[in-house]
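Q: Got final.txt for you, compact mmCIF, C-alpha atoms and all ligand atoms:
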# COMPACT_ATOMS: atom_id res chain seq x y z
CA MET N 28 -5.10 -14.18 -18.28
CA MET N 29 -7.40 -13.00 -21.10
CA LEU N 30 -10.95 -12.19 -20.09
CA ASN N 31 -13.61 -14.32 -21.75
CA VAL N 32 -16.21 -12.62 -23.95
CA ALA N 33 -18.88 -12.49 -21.26
CA ASP N 34 -16.42 -10.93 -18.80
CA LYS N 35 -15.27 -8.48 -21.42
CA THR N 36 -18.76 -7.23 -22.22
CA ASP N 37 -19.58 -6.85 -18.57
CA THR N 38 -16.26 -5.13 -17.91
CA GLN N 39 -16.74 -2.74 -20.81
CA VAL N 40 -20.26 -1.84 -19.71
CA ARG N 41 -19.07 -1.15 -16.19
CA ALA N 42 -15.91 0.58 -17.36
CA LYS N 43 -18.04 2.92 -19.49
CA ARG N 44 -19.46 4.54 -16.40
CA PHE N 45 -15.89 5.12 -15.31
CA ASP N 46 -15.03 8.22 -17.34
CA ILE N 47 -11.31 7.83 -18.03
CA GLU N 48 -10.94 11.20 -19.76
CA LYS N 49 -12.46 12.93 -16.77
CA ILE N 50 -10.24 10.92 -14.41
CA ARG N 51 -7.12 11.84 -16.36
CA ALA N 52 -8.08 15.49 -16.29
CA ASP N 53 -8.13 15.23 -12.49
CA PHE N 54 -4.35 14.60 -12.50
CA PRO N 55 -2.51 17.72 -13.74
CA ILE N 56 0.88 16.01 -13.90
CA LEU N 57 -0.35 13.62 -16.58
CA SER N 58 -0.39 16.45 -19.10
CA ARG N 59 3.31 17.22 -18.75
CA ARG N 60 5.98 16.13 -21.16
CA VAL N 61 9.09 14.15 -20.29
CA HIS N 62 12.10 14.39 -22.62
CA GLY N 63 9.75 16.11 -25.06
CA LYS N 64 7.20 13.26 -25.09
CA PRO N 65 3.82 13.05 -23.36
CA LEU N 66 4.30 11.35 -20.00
CA VAL N 67 3.26 7.71 -19.62
CA TYR N 68 3.30 7.09 -15.89
CA LEU N 69 3.54 3.39 -15.03
CA ASP N 70 5.08 3.63 -11.56
CA SER N 71 2.04 4.04 -9.34
CA ALA N 72 3.00 1.11 -7.11
CA ALA N 73 6.06 3.12 -6.02
CA SER N 74 4.10 6.33 -5.63
CA ALA N 75 0.86 7.28 -7.33
CA GLN N 76 0.10 10.74 -8.72
CA ARG N 77 -2.26 13.14 -6.93
CA PRO N 78 -5.58 14.42 -8.21
CA THR N 79 -6.52 18.10 -8.01
CA ALA N 80 -8.88 17.25 -5.13
CA VAL N 81 -5.84 16.24 -3.01
CA LEU N 82 -3.62 19.10 -4.21
CA ASP N 83 -6.39 21.61 -3.48
CA ALA N 84 -7.16 20.19 -0.04
CA VAL N 85 -3.50 20.50 1.00
CA ASP N 86 -3.17 23.94 -0.58
CA ARG N 87 -6.41 25.17 1.02
CA PHE N 88 -5.29 23.90 4.39
CA TYR N 89 -2.00 25.81 4.27
CA ARG N 90 -3.54 28.96 2.76
CA THR N 91 -6.54 29.30 5.02
CA HIS N 92 -6.50 27.06 8.10
CA ASN N 93 -2.87 26.36 8.96
CA ALA N 94 -2.07 26.19 12.70
CA ASN N 95 -1.05 23.53 15.17
CA ILE N 96 -3.89 21.28 16.28
CA HIS N 97 -5.57 20.36 19.59
CA ARG N 98 -5.77 22.60 22.65
CA GLY N 99 -5.55 25.84 20.63
CA VAL N 100 -8.09 28.42 21.76
CA HIS N 101 -7.83 30.48 18.57
CA LEU N 102 -9.98 29.93 15.53
CA LEU N 103 -7.27 28.73 13.16
CA SER N 104 -6.21 26.03 15.59
CA GLN N 105 -9.79 24.92 15.94
CA GLU N 106 -10.24 24.81 12.16
CA ALA N 107 -6.99 22.89 11.73
CA THR N 108 -8.08 20.42 14.42
CA GLU N 109 -11.42 19.96 12.69
CA ALA N 110 -9.72 19.32 9.35
CA TYR N 111 -7.28 16.80 10.89
CA GLU N 112 -9.90 14.97 12.93
CA GLY N 113 -12.31 15.10 9.99
CA ALA N 114 -9.69 13.25 7.95
CA ARG N 115 -9.57 10.62 10.71
CA ASP N 116 -13.34 10.17 10.37
CA THR N 117 -12.94 9.73 6.62
CA LEU N 118 -10.25 7.08 7.08
CA THR N 119 -12.38 5.38 9.73
CA ARG N 120 -15.11 4.91 7.11
CA PHE N 121 -12.57 4.07 4.38
CA VAL N 122 -11.29 0.97 6.17
CA GLY N 123 -14.60 0.08 7.84
CA ALA N 124 -13.29 0.66 11.39
CA ALA N 125 -15.71 0.43 14.30
CA SER N 126 -14.40 3.60 15.91
CA ARG N 127 -12.21 6.62 15.13
CA ARG N 128 -10.17 5.66 18.20
CA GLU N 129 -8.84 2.75 16.14
CA VAL N 130 -7.29 4.94 13.43
CA ILE N 131 -3.76 6.16 14.18
CA PHE N 132 -2.05 8.55 11.79
CA THR N 133 1.52 7.46 11.06
CA ARG N 134 4.16 8.32 8.47
CA GLY N 135 2.93 5.40 6.41
CA THR N 136 2.94 1.62 6.24
CA THR N 137 6.56 1.36 7.36
CA GLU N 138 5.94 3.26 10.56
CA SER N 139 2.67 1.41 11.17
CA VAL N 140 4.40 -1.97 10.98
CA ASN N 141 7.24 -0.80 13.23
CA LEU N 142 4.72 0.51 15.75
CA VAL N 143 3.01 -2.88 15.98
CA ALA N 144 6.36 -4.68 16.07
CA GLN N 145 7.70 -2.66 18.99
CA SER N 146 4.57 -1.91 20.96
CA PHE N 147 2.46 -5.03 20.43
CA VAL N 148 4.73 -7.91 19.52
CA ARG N 149 8.01 -7.16 21.31
CA PRO N 150 6.55 -7.26 24.84
CA ARG N 151 4.67 -10.48 24.06
CA VAL N 152 7.37 -12.73 22.58
CA GLY N 153 10.50 -14.53 23.68
CA PRO N 154 12.63 -17.56 22.79
CA GLY N 155 10.49 -20.36 21.37
CA ASP N 156 7.90 -17.96 19.95
CA GLU N 157 7.47 -17.45 16.24
CA ILE N 158 6.54 -14.55 13.96
CA LEU N 159 5.12 -15.67 10.64
CA ILE N 160 5.54 -13.66 7.45
CA THR N 161 5.57 -14.66 3.78
CA HIS N 162 8.18 -14.94 1.06
CA MET N 163 6.69 -12.07 -0.93
CA GLU N 164 6.75 -9.34 1.71
CA HIS N 165 8.12 -5.85 1.16
CA HIS N 166 11.22 -5.16 3.29
CA SER N 167 9.07 -3.02 5.58
CA ASN N 168 7.12 -6.14 6.51
CA ILE N 169 10.30 -8.21 7.02
CA VAL N 170 12.94 -6.10 8.73
CA PRO N 171 10.81 -4.82 11.67
CA TRP N 172 10.11 -8.47 12.55
CA GLN N 173 13.78 -9.43 12.23
CA ILE N 174 14.59 -6.61 14.66
CA VAL N 175 12.00 -7.91 17.14
CA CYS N 176 13.42 -11.41 16.79
CA GLU N 177 16.92 -10.07 17.53
CA GLN N 178 15.59 -8.18 20.54
CA THR N 179 13.60 -11.06 22.02
CA GLY N 180 15.01 -14.38 20.82
CA ALA N 181 11.79 -15.18 18.89
CA SER N 182 12.21 -16.75 15.43
CA LEU N 183 11.00 -15.65 12.04
CA LYS N 184 9.13 -18.20 9.91
CA VAL N 185 8.32 -17.69 6.26
CA VAL N 186 5.35 -18.98 4.26
CA PRO N 187 6.78 -20.19 0.93
CA MET N 188 5.42 -19.28 -2.49
CA THR N 189 4.98 -21.06 -5.77
CA ALA N 190 6.56 -20.34 -9.14
CA ALA N 191 3.44 -18.40 -10.11
CA GLY N 192 4.03 -16.10 -7.16
CA GLU N 193 1.13 -17.39 -5.07
CA LEU N 194 1.40 -18.29 -1.42
CA ASP N 195 1.59 -22.01 -0.73
CA LEU N 196 -1.48 -22.33 1.47
CA LYS N 197 -0.82 -25.96 2.28
CA ALA N 198 2.57 -25.03 3.68
CA TYR N 199 0.95 -22.08 5.45
CA ARG N 200 -1.46 -24.38 7.30
CA GLN N 201 1.47 -26.52 8.38
CA LEU N 202 3.32 -23.51 9.76
CA LEU N 203 0.43 -22.53 12.04
CA ASN N 204 0.82 -23.63 15.64
CA ASP N 205 0.49 -22.29 19.19
CA SER N 206 4.02 -20.80 19.12
CA VAL N 207 3.11 -18.32 16.38
CA LYS N 208 2.47 -14.98 18.03
CA LEU N 209 1.78 -12.92 14.91
CA LEU N 210 1.02 -13.38 11.24
CA ALA N 211 2.11 -10.41 9.10
CA VAL N 212 1.10 -10.63 5.45
CA GLY N 213 0.81 -8.27 2.51
CA HIS N 214 -2.64 -7.85 0.98
CA ILE N 215 -1.13 -7.29 -2.48
CA SER N 216 2.51 -7.95 -3.40
CA ASN N 217 4.21 -4.85 -4.79
CA ALA N 218 6.76 -6.98 -6.67
CA LEU N 219 4.39 -9.56 -8.16
CA GLY N 220 0.90 -8.08 -8.07
CA THR N 221 -0.48 -11.15 -6.30
CA ILE N 222 -3.66 -10.53 -4.32
CA ASN N 223 -3.33 -12.73 -1.27
CA PRO N 224 -6.36 -14.47 0.28
CA VAL N 225 -5.99 -12.50 3.49
CA ALA N 226 -9.48 -13.22 4.87
CA GLU N 227 -8.99 -16.97 4.44
CA MET N 228 -5.49 -16.78 5.93
CA THR N 229 -6.75 -14.74 8.87
CA ALA N 230 -9.56 -17.24 9.55
CA LEU N 231 -6.98 -20.06 9.65
CA ALA N 232 -4.68 -18.06 11.96
CA LYS N 233 -7.59 -17.38 14.28
CA GLN N 234 -7.95 -21.13 14.90
CA TYR N 235 -4.74 -20.70 16.91
CA ASP N 236 -5.69 -17.25 18.29
CA ILE N 237 -2.89 -15.70 16.27
CA PRO N 238 -3.11 -11.91 15.87
CA VAL N 239 -2.92 -10.83 12.23
CA LEU N 240 -1.38 -7.72 10.67
CA ILE N 241 -2.12 -6.90 7.04
CA ASP N 242 0.23 -4.69 5.02
CA GLY N 243 -2.33 -2.93 2.84
CA ALA N 244 0.05 -0.47 1.15
CA GLN N 245 -0.69 -1.84 -2.32
CA ALA N 246 -4.33 -2.76 -1.73
CA ALA N 247 -5.66 0.65 -0.71
CA PRO N 248 -5.46 2.16 -4.24
CA HIS N 249 -7.04 -0.86 -5.94
CA MET N 250 -9.84 -2.29 -3.82
CA PRO N 251 -12.25 -1.41 -1.03
CA ILE N 252 -10.83 -2.16 2.40
CA ASP N 253 -13.03 -3.76 5.03
CA VAL N 254 -11.05 -4.71 8.11
CA ASN N 255 -14.03 -6.51 9.63
CA ALA N 256 -14.59 -8.66 6.57
CA ILE N 257 -10.89 -9.62 6.66
CA GLY N 258 -11.08 -10.29 10.39
CA CYS N 259 -7.54 -9.01 11.02
CA ASP N 260 -6.23 -7.14 14.07
CA PHE N 261 -4.05 -4.51 12.39
CA TYR N 262 -4.15 -2.97 8.92
CA CYS N 263 -1.50 -0.58 7.55
CA LEU N 264 -1.64 1.77 4.58
CA SER N 265 0.30 4.66 3.00
CA GLY N 266 -1.18 7.86 1.61
CA HIS N 267 1.14 8.17 -1.38
CA LYS N 268 0.18 4.77 -2.82
CA MET N 269 -3.51 5.75 -2.84
CA TYR N 270 -3.22 9.13 -4.59
CA GLY N 271 -2.59 11.03 -1.36
CA PRO N 272 0.48 12.80 0.05
CA THR N 273 3.76 11.23 1.14
CA GLY N 274 4.72 11.04 4.81
CA ILE N 275 1.24 10.09 5.99
CA GLY N 276 -0.63 6.82 6.40
CA ILE N 277 -2.57 4.97 9.01
CA LEU N 278 -2.39 2.09 11.35
CA TRP N 279 -5.81 0.63 12.03
CA GLY N 280 -5.90 -1.62 15.07
CA LYS N 281 -8.60 -3.24 17.18
CA GLU N 282 -9.38 -0.89 20.03
CA SER N 283 -8.94 -3.50 22.75
CA LEU N 284 -5.42 -4.28 21.50
CA LEU N 285 -4.35 -0.66 20.96
CA ASP N 286 -5.70 0.23 24.38
CA ALA N 287 -3.53 -2.38 26.07
CA MET N 288 -0.36 -1.49 24.13
CA PRO N 289 2.31 0.82 25.57
CA PRO N 290 3.10 4.04 23.63
CA TYR N 291 5.51 3.69 20.73
CA GLN N 292 7.05 7.16 21.03
CA GLY N 293 6.97 9.69 23.84
CA GLY N 294 6.43 13.42 23.51
CA GLY N 295 3.73 16.03 23.25
CA GLU N 296 0.14 15.05 22.44
CA MET N 297 0.46 11.46 23.70
CA ILE N 298 0.12 12.50 27.35
CA GLN N 299 -2.61 13.64 29.71
CA TYR N 300 -0.35 14.64 32.57
CA VAL N 301 3.41 14.89 33.02
CA SER N 302 5.46 15.38 36.14
CA PHE N 303 8.97 14.14 36.91
CA GLU N 304 7.44 11.45 39.10
CA GLU N 305 4.87 10.10 36.69
CA THR N 306 3.28 10.53 33.28
CA LEU N 307 -0.27 9.60 32.38
CA TYR N 308 -0.72 8.68 28.75
CA ASN N 309 -3.40 10.05 26.49
CA GLU N 310 -6.36 7.97 25.37
CA LEU N 311 -6.57 6.54 21.88
CA PRO N 312 -5.76 7.63 19.27
CA GLY N 313 -3.58 10.39 20.77
CA LYS N 314 -1.51 7.88 22.74
CA PHE N 315 0.19 6.83 19.50
CA GLU N 316 0.55 10.26 17.93
CA ALA N 317 3.48 11.84 19.76
CA GLY N 318 4.56 15.26 18.51
CA THR N 319 3.05 17.54 15.90
CA PRO N 320 1.71 15.28 13.19
CA ASN N 321 1.66 15.76 9.43
CA ILE N 322 -1.57 17.76 9.63
CA ALA N 323 -1.78 18.82 5.98
CA GLY N 324 -0.79 15.28 4.98
CA ALA N 325 -3.71 13.85 6.94
CA VAL N 326 -6.04 16.35 5.30
CA GLY N 327 -4.69 15.32 1.89
CA LEU N 328 -5.08 11.65 2.75
CA GLY N 329 -8.70 12.27 3.72
CA ALA N 330 -9.21 13.96 0.35
CA ALA N 331 -7.60 10.98 -1.43
CA ALA N 332 -9.90 8.52 0.35
CA ASP N 333 -12.90 10.68 -0.57
CA TYR N 334 -11.67 10.82 -4.17
CA LEU N 335 -11.40 7.02 -4.44
CA THR N 336 -14.83 6.61 -2.90
CA ALA N 337 -16.34 9.19 -5.27
CA VAL N 338 -14.80 7.53 -8.36
CA GLY N 339 -16.10 4.21 -7.05
CA HIS N 340 -14.25 0.97 -6.49
CA ASP N 341 -16.40 -1.00 -8.96
CA GLY N 342 -15.31 1.26 -11.79
CA ILE N 343 -11.68 1.25 -10.68
CA ILE N 344 -11.56 -2.54 -10.43
CA ALA N 345 -13.26 -3.07 -13.80
CA HIS N 346 -10.98 -0.54 -15.52
CA GLU N 347 -7.77 -1.85 -13.99
CA ASN N 348 -8.67 -5.49 -14.64
CA GLU N 349 -9.37 -4.78 -18.27
CA LEU N 350 -6.10 -2.91 -18.55
CA LEU N 351 -4.17 -5.64 -16.75
CA ALA N 352 -5.47 -8.24 -19.22
CA TYR N 353 -4.62 -6.00 -22.18
CA ALA N 354 -1.14 -5.18 -20.86
CA THR N 355 -0.40 -8.81 -20.03
CA GLU N 356 -1.37 -9.96 -23.50
CA SER N 357 0.56 -7.15 -25.19
CA LEU N 358 3.72 -7.57 -23.14
CA THR N 359 3.91 -11.34 -23.51
CA ALA N 360 4.05 -10.86 -27.28
CA ILE N 361 7.52 -9.29 -26.87
CA ALA N 362 10.25 -11.80 -27.73
CA GLY N 363 12.22 -13.01 -24.70
CA LEU N 364 9.89 -11.32 -22.19
CA ARG N 365 9.05 -13.32 -19.08
CA LEU N 366 6.38 -12.27 -16.65
CA VAL N 367 7.45 -12.52 -13.02
CA GLY N 368 4.29 -13.16 -11.04
CA THR N 369 1.45 -14.94 -12.81
CA ALA N 370 -0.97 -15.49 -9.94
CA ALA N 371 -4.62 -16.16 -10.78
CA HIS N 372 -5.65 -13.19 -8.65
CA LYS N 373 -3.56 -10.19 -9.55
CA ALA N 374 -3.74 -6.45 -9.22
CA SER N 375 -2.49 -4.22 -12.04
CA VAL N 376 1.20 -4.61 -11.20
CA ILE N 377 3.26 -6.32 -13.89
CA SER N 378 6.84 -7.38 -13.22
CA PHE N 379 8.87 -8.74 -16.08
CA ALA N 380 12.34 -9.57 -17.30
CA ILE N 381 13.67 -9.65 -20.85
CA ASP N 382 16.30 -12.29 -21.61
CA GLY N 383 19.82 -10.94 -21.75
CA ILE N 384 18.93 -7.39 -20.75
CA HIS N 385 19.31 -5.67 -17.40
CA PRO N 386 16.05 -4.01 -16.33
CA HIS N 387 17.88 -0.78 -15.44
CA ASP N 388 19.00 -0.42 -19.05
CA LEU N 389 15.44 -0.95 -20.26
CA GLY N 390 14.05 1.59 -17.81
CA THR N 391 16.68 4.17 -18.69
CA ILE N 392 16.10 3.85 -22.42
CA ILE N 393 12.31 4.02 -22.31
CA ASP N 394 12.49 7.01 -19.96
CA HIS N 395 13.72 8.89 -23.02
CA ASP N 396 10.40 8.02 -24.65
CA GLY N 397 8.61 9.66 -21.71
CA ILE N 398 7.71 6.32 -20.12
CA ALA N 399 8.22 5.88 -16.37
CA ILE N 400 8.53 2.31 -15.12
CA ARG N 401 10.39 1.03 -12.08
CA THR N 402 13.37 -1.29 -12.25
CA GLY N 403 15.17 -2.95 -9.37
CA HIS N 404 14.38 -5.25 -6.48
CA HIS N 405 11.25 -3.30 -5.47
CA CYS N 406 12.24 -3.57 -1.78
CA ALA N 407 11.46 -7.27 -2.02
CA MET N 408 14.90 -8.87 -2.36
CA PRO N 409 13.68 -12.32 -1.22
CA VAL N 410 11.28 -12.32 -4.19
CA MET N 411 14.20 -11.61 -6.54
CA GLN N 412 16.24 -14.36 -4.84
CA PHE N 413 13.34 -16.79 -5.34
CA PHE N 414 13.21 -16.10 -9.09
CA GLY N 415 17.02 -15.99 -9.40
CA LEU N 416 16.94 -12.44 -10.74
CA PRO N 417 18.90 -9.38 -9.61
CA ALA N 418 15.97 -7.15 -10.54
CA THR N 419 12.82 -6.89 -12.62
CA ALA N 420 11.19 -4.17 -14.65
CA ARG N 421 7.76 -3.27 -13.30
CA ALA N 422 4.88 -1.47 -14.95
CA SER N 423 2.27 -0.64 -12.35
CA LEU N 424 -1.05 0.71 -13.50
CA GLY N 425 -3.28 3.14 -11.69
CA LEU N 426 -6.83 4.25 -12.28
CA TYR N 427 -5.62 6.90 -14.77
CA ASN N 428 -3.76 4.58 -17.12
CA THR N 429 -5.09 3.68 -20.55
CA ARG N 430 -4.62 1.21 -23.40
CA GLU N 431 -2.76 4.03 -25.17
CA ASP N 432 -0.18 3.93 -22.35
CA ILE N 433 0.37 0.23 -23.02
CA ASP N 434 0.51 0.93 -26.75
CA ARG N 435 3.37 3.35 -26.04
CA LEU N 436 5.13 0.97 -23.62
CA VAL N 437 5.27 -2.10 -25.85
CA PRO N 438 7.00 -0.59 -28.92
CA ALA N 439 9.35 1.36 -26.62
CA LEU N 440 10.40 -1.92 -24.97
CA GLU N 441 10.77 -3.59 -28.36
CA LYS N 442 12.95 -0.74 -29.57
CA ALA N 443 15.06 -0.86 -26.37
CA ARG N 444 15.45 -4.62 -26.72
CA LYS N 445 16.80 -4.27 -30.25
CA MET N 446 19.22 -1.57 -29.11
CA LEU N 447 20.51 -3.62 -26.19
CA LEU N 448 20.82 -7.08 -27.69
N1 LIG J 1 4.44 -2.59 1.81
C1 LIG J 1 4.31 -2.67 0.48
C2 LIG J 1 3.64 -3.86 -0.12
C3 LIG J 1 4.79 -1.64 -0.32
O1 LIG J 1 4.67 -1.71 -1.64
C4 LIG J 1 5.42 -0.54 0.30
C5 LIG J 1 6.02 0.54 -0.54
O2 LIG J 1 6.47 0.30 -1.63
C6 LIG J 1 5.51 -0.51 1.67
C7 LIG J 1 5.01 -1.54 2.40
C8 LIG J 1 6.16 0.64 2.40
O3 LIG J 1 5.37 1.77 2.27
P1 LIG J 1 5.92 3.19 2.77
O4 LIG J 1 7.24 3.37 2.13
O5 LIG J 1 4.89 4.14 2.27
O6 LIG J 1 5.98 3.14 4.25
Show this structure as structure tokens.
A:
Amino acid sequence: MMLNVADKTDTQVRAKRFDIEKIRADFPILSRRVHGKPLVYLDSAASAQRPTAVLDAVDRFYRTHNANIHRGVHLLSQEATEAYEGARDTLTRFVGAASRREVIFTRGTTESVNLVAQSFVRPRVGPGDEILITHMEHHSNIVPWQIVCEQTGASLKVVPMTAAGELDLKAYRQLLNDSVKLLAVGHISNALGTINPVAEMTALAKQYDIPVLIDGAQAAPHMPIDVNAIGCDFYCLSGHKMYGPTGIGILWGKESLLDAMPPYQGGGEMIQYVSFEETLYNELPGKFEAGTPNIAGAVGLGAAADYLTAVGHDGIIAHENELLAYATESLTAIAGLRLVGTAAHKASVISFAIDGIHPHDLGTIIDHDGIAIRTGHHCAMPVMQFFGLPATARASLGLYNTREDIDRLVPALEKARKMLL
């Protein structure tokens, strides 16, 4: 897991251009104290913190432009519409979509997956058909498919994983066949940090004309997203994982597929004409945005995407990789600590267990040192079942974390271990 010298030099040179002090200053919450100690925030995979650029965009929207969007003749409504639709344009560029019609604002990844499950997959499957997911999915990329299977008689198939927490690609190839009507796979596992080879998996699925949905909730904060390069049909992400607001995210889908899909919810905005005899649905993307959306959330999400682009993905990747290597080396020096998830390609998400200690106890004790980690099943119970653990502790690193954060985490864990054993 350690970088070799050549990698290190290159990483340090590139990381230098990434000004960590300036980045940290962008996040006001990082300067607060928790239980009297400076905050060390290592829970970004659950929800990342927001930079001033996002806070200001949301604040500015409410203070100066707030009104309901679309069809308003007054100036505020027009400004609000511009801000909301401008955010759609930003997200269109952020994921490399061909058209803004392909970008649907949702509440987040969970709603995006449910939308595809009910509107795309449910009408297309029946007994004998299969929906393929993987063993390392978040519950929000498992349960919507189980519901569709219950509703239609289709069956759920699961790509197994290895002890390192990598997908078994040989088994994956064997699971592909003409009965599979959808592959749904996470880009990065929130419980293990594994970066899955989604482009390669999509190419294999396409040999059987299988539509592919990627759960990008954990990828969006860490790497550039290019839906064309992946070759998938649907891509889902959540604002709050990528330094934006909660309650907002997107579903990207290929226009031809979205066009042919029935609406997911009915209500205002998703119609062109309503009478008691018939209703004509709106065009994309409005067809899938029933009701008043989270307008300020979309504006904040646009600001978050702009922020990530301005910081630059090269710098973020170099910084987080260097930190991941440092954290991995430092944590494995703790007696009795076992990493859960040791894939060759990992994002800066580190799950671990310490022999004889429940992760909740660890998390509670180090919280008193001002250190926020997550403990539990991480909404990925099948991953816990695979490793025979009730829970893990998870330190997830964002672009604002530092070696100093790790240097606070490790002694705090060592101290907690001594207290608990
Ligand atoms: N998928 C993954 C991999 C996640 O980590 C999460 C959140 O933890 C989700 C989906 C669900 O995201 P949200 O709760 O924002 O809908």
Q: Show me which residues sit within 9 Å of ligand LIG 1 (chain J) when counting all atoms listed in the file, and put them as a VMD selection string.
A: chain N and resid 72 to 74 134 to 140 163 to 168 213 to 218 242 to 246 263 to 268 273 to 276 405 to 407
Q: Next, write the just-selected residues to a file, as a compact mmCIF listing (two decimals), in the frame of the given file, keeping C-alpha atoms as the atom set.
A:
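As written to disk, selection_22.txt reads:
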# COMPACT_ATOMS: atom_id res chain seq x y z
CA ALA N 72 3.00 1.11 -7.11
CA ALA N 73 6.06 3.12 -6.02
CA SER N 74 4.10 6.33 -5.63
CA ARG N 134 4.16 8.32 8.47
CA GLY N 135 2.93 5.40 6.41
CA THR N 136 2.94 1.62 6.24
CA THR N 137 6.56 1.36 7.36
CA GLU N 138 5.94 3.26 10.56
CA SER N 139 2.67 1.41 11.17
CA VAL N 140 4.40 -1.97 10.98
CA MET N 163 6.69 -12.07 -0.93
CA GLU N 164 6.75 -9.34 1.71
CA HIS N 165 8.12 -5.85 1.16
CA HIS N 166 11.22 -5.16 3.29
CA SER N 167 9.07 -3.02 5.58
CA ASN N 168 7.12 -6.14 6.51
CA GLY N 213 0.81 -8.27 2.51
CA HIS N 214 -2.64 -7.85 0.98
CA ILE N 215 -1.13 -7.29 -2.48
CA SER N 216 2.51 -7.95 -3.40
CA ASN N 217 4.21 -4.85 -4.79
CA ALA N 218 6.76 -6.98 -6.67
CA ASP N 242 0.23 -4.69 5.02
CA GLY N 243 -2.33 -2.93 2.84
CA ALA N 244 0.05 -0.47 1.15
CA GLN N 245 -0.69 -1.84 -2.32
CA ALA N 246 -4.33 -2.76 -1.73
CA CYS N 263 -1.50 -0.58 7.55
CA LEU N 264 -1.64 1.77 4.58
CA SER N 265 0.30 4.66 3.00
CA GLY N 266 -1.18 7.86 1.61
CA HIS N 267 1.14 8.17 -1.38
CA LYS N 268 0.18 4.77 -2.82
CA THR N 273 3.76 11.23 1.14
CA GLY N 274 4.72 11.04 4.81
CA ILE N 275 1.24 10.09 5.99
CA GLY N 276 -0.63 6.82 6.40
CA HIS N 405 11.25 -3.30 -5.47
CA CYS N 406 12.24 -3.57 -1.78
CA ALA N 407 11.46 -7.27 -2.02
Q: Identify, on the basis of only C-alpha atoms, every residue whose closest approach to His340 in chain N does not exceed 9 Å; exclude the query and any residue fewer than 5 positions from it along the same chain; express the result as a count of residues only.
A: 5
Q: Closest to Gly390 in chain N among N:Ala352, N:Ala443, N:Leu103, N:Pro171, using only C-alpha atoms?
A: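 Nearest candidate to Gly390 in chain N out of N:Ala352, N:Ala443, N:Leu103, N:Pro171: N:Ala443.
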Q: Can you tell me, as a PyMOL selection string, which residues sit within 12 Å of (7.3, -16.0, 0.5) in the file's frame, using all atoms listed in the file?
A: chain N and resi 159-166+168-169+184-196+198-199+211-213+216+218-219+221+223+407-414
Q: Which residue is closest to Gly63 in chain N? Choose from N:Asp86, N:Glu304, N:Asp396, N:Asp434 and count only C-alpha atoms.
A: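 Under the stated criterion, the closest residue is N:Asp396.
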Q: Between CA of Arg435 in chain N and CA of Val61 in chain N, measure the distance and give it in Å to one decimal.
A: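 We find that CA of Arg435 in chain N and CA of Val61 in chain N lie 13.5 Å from each other.
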Q: Pick from N:Lys208, N:Ser357, N:Val100, N:Ala114: nearest to Gly153 in chain N, with all atoms listed in the file counted?
A: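 Among the listed residues, the smallest separation from Gly153 in chain N belongs to N:Lys208.
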Q: Distance CA of Arg401 in chain N-CA of Tyr270 in chain N, one decimal place?
A: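 These atoms are spaced 17.5 Å apart.
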Q: Calculate how many Å separate CA of Asn348 in chain N from CA of Leu210 in chain N, rounding to one decimal.
A: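 Going from CA of Asn348 in chain N over to CA of Leu210 in chain N, I get 28.7 Å.
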